[in-house]
$ cat final_18.pdb   # PDB, C-alpha atoms, pLDDT in the B column
ATOM      1  CA  MET A 450     -13.366 192.119-102.714  1.00 71.00           C
ATOM      2  CA  LYS A 451     -10.258 190.236-101.644  1.00 75.00           C
ATOM      3  CA  LEU A 452      -9.803 186.543-102.173  1.00 73.00           C
ATOM      4  CA  LEU A 453      -8.146 184.954 -99.189  1.00 76.00           C
ATOM      5  CA  VAL A 454      -6.028 181.892 -99.901  1.00 74.00           C
ATOM      6  CA  PRO A 455      -4.551 179.920 -97.009  1.00 80.00           C
ATOM      7  CA  HIS A 456      -0.751 179.920 -96.830  1.00 82.00           C
ATOM      8  CA  ARG A 457      -0.667 176.119 -96.891  1.00 84.00           C
ATOM      9  CA  ASP A 458      -2.422 176.139-100.274  1.00 83.00           C
ATOM     10  CA  ILE A 459       0.057 178.637-101.691  1.00 84.00           C
ATOM     11  CA  GLU A 460       2.976 176.627-100.318  1.00 88.00           C
ATOM     12  CA  ARG A 461       1.524 173.394-101.740  1.00 87.00           C
ATOM     13  CA  TYR A 462       1.051 175.022-105.157  1.00 85.00           C
ATOM     14  CA  LEU A 463       4.643 176.317-105.146  1.00 88.00           C
ATOM     15  CA  ARG A 464       5.972 172.879-104.112  1.00 90.00           C
ATOM     16  CA  ASN A 465       3.902 171.110-106.774  1.00 87.00           C
ATOM     17  CA  THR A 466       5.073 173.572-109.404  1.00 87.00           C
ATOM     18  CA  ALA A 467       8.702 172.974-108.408  1.00 90.00           C
ATOM     19  CA  ILE A 468       8.191 169.204-108.604  1.00 91.00           C
ATOM     20  CA  TYR A 469       6.583 169.532-112.039  1.00 89.00           C
ATOM     21  CA  GLU A 470       9.415 171.765-113.298  1.00 89.00           C
ATOM     22  CA  ASP A 471      12.006 169.254-112.078  1.00 91.00           C
ATOM     23  CA  TYR A 472      10.018 166.490-113.777  1.00 90.00           C
ATOM     24  CA  ARG A 473      10.066 168.429-117.066  1.00 87.00           C
ATOM     25  CA  LYS A 474      13.835 168.916-116.758  1.00 88.00           C
ATOM     26  CA  MET A 475      14.236 165.168-116.335  1.00 87.00           C
ATOM     27  CA  GLN A 476      12.230 164.581-119.504  1.00 84.00           C
ATOM     28  CA  VAL A 477      14.558 166.685-121.652  1.00 82.00           C
ATOM     29  CA  CYS A 478      17.700 165.413-119.953  1.00 79.00           C
ATOM     30  CA  LYS A 479      19.947 163.323-122.199  1.00 78.00           C
ATOM     31  CA  GLU A 480      20.249 160.648-119.505  1.00 80.00           C
ATOM     32  CA  PRO A 481      17.572 158.045-120.268  1.00 83.00           C
ATOM     33  CA  LEU A 482      15.325 157.546-117.242  1.00 85.00           C
ATOM     34  CA  SER A 483      12.199 155.470-116.878  1.00 88.00           C
ATOM     35  CA  GLU A 484       9.080 157.029-115.390  1.00 89.00           C
ATOM     36  CA  ASN A 485       9.642 155.026-112.201  1.00 92.00           C
ATOM     37  CA  GLN A 486      13.169 156.409-111.854  1.00 92.00           C
ATOM     38  CA  LYS A 487      11.932 159.964-112.359  1.00 91.00           C
ATOM     39  CA  HIS A 488       9.236 159.535-109.741  1.00 93.00           C
ATOM     40  CA  THR A 489      11.641 157.889-107.298  1.00 94.00           C
ATOM     41  CA  ARG A 490      14.201 160.687-107.650  1.00 93.00           C
ATOM     42  CA  LEU A 491      11.556 163.370-107.159  1.00 94.00           C
ATOM     43  CA  ALA A 492      10.158 161.555-104.125  1.00 95.00           C
ATOM     44  CA  ALA A 493      13.597 161.401-102.535  1.00 95.00           C
ATOM     45  CA  GLN A 494      14.377 165.014-103.400  1.00 94.00           C
ATOM     46  CA  TYR A 495      11.135 166.380-101.913  1.00 94.00           C
ATOM     47  CA  ASP A 496      10.790 163.820 -99.095  1.00 93.00           C
ATOM     48  CA  LEU A 497       7.485 162.452-100.410  1.00 92.00           C
ATOM     49  CA  SER A 498       6.266 159.005-101.293  1.00 94.00           C
ATOM     50  CA  VAL A 499       6.473 157.847-104.909  1.00 94.00           C
ATOM     51  CA  THR A 500       2.691 157.413-104.935  1.00 94.00           C
ATOM     52  CA  MET A 501       2.241 161.020-103.811  1.00 94.00           C
ATOM     53  CA  VAL A 502       4.563 162.278-106.560  1.00 94.00           C
ATOM     54  CA  ARG A 503       2.649 160.305-109.210  1.00 94.00           C
ATOM     55  CA  LYS A 504      -0.692 161.545-107.909  1.00 93.00           C
ATOM     56  CA  MET A 505       0.548 165.135-107.713  1.00 90.00           C
ATOM     57  CA  LEU A 506       1.897 165.084-111.286  1.00 90.00           C
ATOM     58  CA  ASP A 507      -1.343 163.576-112.616  1.00 90.00           C
ATOM     59  CA  THR A 508      -3.417 166.151-110.763  1.00 87.00           C
ATOM     60  CA  TYR A 509      -1.159 169.029-111.795  1.00 82.00           C
ATOM     61  CA  MET A 510      -1.335 168.088-115.495  1.00 81.00           C
ATOM     62  CA  ARG A 511      -5.094 167.573-115.308  1.00 82.00           C
ATOM     63  CA  ASP A 512      -5.796 170.870-113.507  1.00 78.00           C
ATOM     64  CA  TYR A 513      -3.393 172.910-115.619  1.00 73.00           C
ATOM     65  CA  PRO A 514      -3.818 171.607-119.178  1.00 66.00           C
ATOM     66  CA  LEU A 515      -1.137 173.902-120.590  1.00 61.00           C
ATOM     67  CA  SER A 516       1.375 171.923-118.562  1.00 53.00           C
ATOM     68  CA  GLN A 517       0.881 168.866-120.756  1.00 54.00           C
ATOM     69  CA  ASP A 518       3.809 167.783-122.872  1.00 57.00           C
ATOM     70  CA  ILE A 519       3.305 169.042-126.428  1.00 53.00           C
ATOM     71  CA  SER A 520       6.800 168.276-127.660  1.00 57.00           C
ATOM     72  CA  THR A 521       5.582 165.235-129.609  1.00 58.00           C
ATOM     73  CA  SER A 522       2.504 166.930-131.036  1.00 56.00           C
ATOM     74  CA  TYR A 523       2.362 167.186-134.816  1.00 54.00           C
ATOM     75  CA  LEU A 524       1.494 170.872-134.370  1.00 51.00           C
ATOM     76  CA  THR A 525       4.860 171.598-132.808  1.00 49.00           C
ATOM     77  CA  ALA A 526       6.927 169.118-134.791  1.00 49.00           C
ATOM     78  CA  ASN A 527      10.063 170.499-136.346  1.00 51.00           C
ATOM     79  CA  THR A 528       9.609 170.378-140.128  1.00 49.00           C
ATOM     80  CA  ASP A 529      13.180 171.509-140.907  1.00 48.00           C
ATOM     81  CA  GLU A 530      14.552 167.988-140.633  1.00 45.00           C
TER      82      GLU A 530
END
$ encode --input "final_18.pdb" --output "structure tokens"
Amino acid sequence: MKLLVPHRDIERYLRNTAIYEDYRKMQVCKEPLSENQKHTRLAAQYDLSVTMVRKMLDTYMRDYPLSQDISTSYLTANTDE
């Protein structure tokens, strides 16, 4: 049995993944940015509204729990320091 997925859904998933990856790069960037600045830059880059970027990031992190930021978790904390 084949599962048919509309092209628009695949394209939306790829776009959302790209936005999330760019968001993650902004988080590790040495340039300090507020959340509003990150969302505004992503909205301009992908020609979306800031509200849509926020909603997409929230939905993406909720639907794909492994995408959540674990860098501050005590389980992944660097103990060498």
$ atom_distance --input "final_18.pdb" --atom1 "CA of Lys504 in chain A" --atom2 "CA of Ala492 in chain A"
11.5 Å
$ atom_distance --input "final_18.pdb" --atom1 "CA of Tyr472 in chain A" --atom2 "CA of Leu491 in chain A"
7.5 Å
$ resolve_selection --input "final_18.pdb" --expression "the PyMOL selection byres ((chain A and resi 457-464) around 12)" --output "list in words"
Leu453, Val454, Pro455, His456, Asn465, Thr466, Ala467, Ile468, Tyr469, Glu470, Asp471, Leu491, Gln494, Tyr495, Asp496, Leu497, Val502, Met505, Leu506, Thr508, Tyr509, Asp512 and Tyr513 of chain A
$ write_last_selection --input "final_18.pdb" --atoms "C-alpha atoms" --output "CSV table (one decimal), in the frame of the given file"
chain,number,residue,atom,x,y,z
A,453,LEU,CA,-8.1,185.0,-99.2
A,454,VAL,CA,-6.0,181.9,-99.9
A,455,PRO,CA,-4.6,179.9,-97.0
A,456,HIS,CA,-0.8,179.9,-96.8
A,465,ASN,CA,3.9,171.1,-106.8
A,466,THR,CA,5.1,173.6,-109.4
A,467,ALA,CA,8.7,173.0,-108.4
A,468,ILE,CA,8.2,169.2,-108.6
A,469,TYR,CA,6.6,169.5,-112.0
A,470,GLU,CA,9.4,171.8,-113.3
A,471,ASP,CA,12.0,169.3,-112.1
A,491,LEU,CA,11.6,163.4,-107.2
A,494,GLN,CA,14.4,165.0,-103.4
A,495,TYR,CA,11.1,166.4,-101.9
A,496,ASP,CA,10.8,163.8,-99.1
A,497,LEU,CA,7.5,162.5,-100.4
A,502,VAL,CA,4.6,162.3,-106.6
A,505,MET,CA,0.5,165.1,-107.7
A,506,LEU,CA,1.9,165.1,-111.3
A,508,THR,CA,-3.4,166.2,-110.8
A,509,TYR,CA,-1.2,169.0,-111.8
A,512,ASP,CA,-5.8,170.9,-113.5
A,513,TYR,CA,-3.4,172.9,-115.6
$ residues_around --input "final_18.pdb" --residues "range 475-488 of chain A" --least-positions-apart "5" --cutoff "9 Å" --atoms "only C-alpha atoms" --output "NGL selection string"
:A and (470 or 493 or 498-500 or 502-503)
$ decode --input "final_18.pdb" --residues "range 468-487 of chain A" --atoms "N, CA, C and O atoms" --output "short mmCIF file (atom, residue, chain, number, x, y, z; two decimals), in the first residue's frame"
data_model
loop_
_atom_site.label_atom_id
_atom_site.label_comp_id
_atom_site.auth_asym_id
_atom_site.auth_seq_id
_atom_site.Cartn_x
_atom_site.Cartn_y
_atom_site.Cartn_z
N ILE A 468 13.19 26.71 8.12
CA ILE A 468 13.00 27.81 9.06
C ILE A 468 13.49 27.41 10.44
O ILE A 468 14.19 28.17 11.12
N TYR A 469 13.15 26.20 10.87
CA TYR A 469 13.58 25.73 12.20
C TYR A 469 15.10 25.62 12.26
O TYR A 469 15.71 26.01 13.26
N GLU A 470 15.73 25.11 11.21
CA GLU A 470 17.19 24.99 11.19
C GLU A 470 17.85 26.36 11.26
O GLU A 470 18.85 26.55 11.97
N ASP A 471 17.30 27.33 10.54
CA ASP A 471 17.84 28.70 10.60
C ASP A 471 17.65 29.29 12.00
O ASP A 471 18.51 30.00 12.51
N TYR A 472 16.53 28.97 12.62
CA TYR A 472 16.25 29.43 13.98
C TYR A 472 17.29 28.86 14.96
O TYR A 472 17.82 29.56 15.81
N ARG A 473 17.59 27.57 14.81
CA ARG A 473 18.59 26.93 15.67
C ARG A 473 19.97 27.55 15.47
O ARG A 473 20.72 27.74 16.42
N LYS A 474 20.30 27.89 14.22
CA LYS A 474 21.59 28.54 13.96
C LYS A 474 21.66 29.90 14.64
O LYS A 474 22.72 30.29 15.13
N MET A 475 20.55 30.60 14.66
CA MET A 475 20.51 31.90 15.33
C MET A 475 20.69 31.75 16.84
O MET A 475 21.24 32.63 17.49
N GLN A 476 20.23 30.65 17.39
CA GLN A 476 20.36 30.44 18.83
C GLN A 476 21.80 30.20 19.25
O GLN A 476 22.19 30.60 20.34
N VAL A 477 22.59 29.56 18.42
CA VAL A 477 23.98 29.29 18.77
C VAL A 477 24.93 30.37 18.28
O VAL A 477 26.11 30.34 18.59
N CYS A 478 24.41 31.31 17.53
CA CYS A 478 25.21 32.41 17.01
C CYS A 478 25.72 33.27 18.17
O CYS A 478 25.03 33.46 19.17
N LYS A 479 26.92 33.78 18.06
CA LYS A 479 27.50 34.59 19.12
C LYS A 479 26.85 35.97 19.23
O LYS A 479 26.94 36.62 20.25
N GLU A 480 26.20 36.41 18.15
CA GLU A 480 25.51 37.70 18.17
C GLU A 480 24.24 37.57 19.01
O GLU A 480 23.37 36.75 18.71
N PRO A 481 24.14 38.35 20.08
CA PRO A 481 22.95 38.23 20.94
C PRO A 481 21.71 38.80 20.25
O PRO A 481 21.68 39.96 19.85
N LEU A 482 20.70 37.96 20.09
CA LEU A 482 19.44 38.37 19.47
C LEU A 482 18.28 38.01 20.39
O LEU A 482 18.28 36.94 21.00
N SER A 483 17.31 38.90 20.46
CA SER A 483 16.11 38.57 21.21
C SER A 483 15.24 37.65 20.36
O SER A 483 15.45 37.51 19.16
N GLU A 484 14.26 37.03 20.99
CA GLU A 484 13.35 36.16 20.26
C GLU A 484 12.61 36.94 19.17
O GLU A 484 12.40 36.44 18.07
N ASN A 485 12.23 38.17 19.47
CA ASN A 485 11.53 39.00 18.49
C ASN A 485 12.41 39.26 17.27
O ASN A 485 11.94 39.24 16.13
N GLN A 486 13.68 39.53 17.50
CA GLN A 486 14.60 39.77 16.38
C GLN A 486 14.77 38.51 15.53
O GLN A 486 14.81 38.58 14.31
N LYS A 487 14.87 37.37 16.18
CA LYS A 487 14.99 36.11 15.44
C LYS A 487 13.77 35.89 14.57
O LYS A 487 13.88 35.55 13.38
#
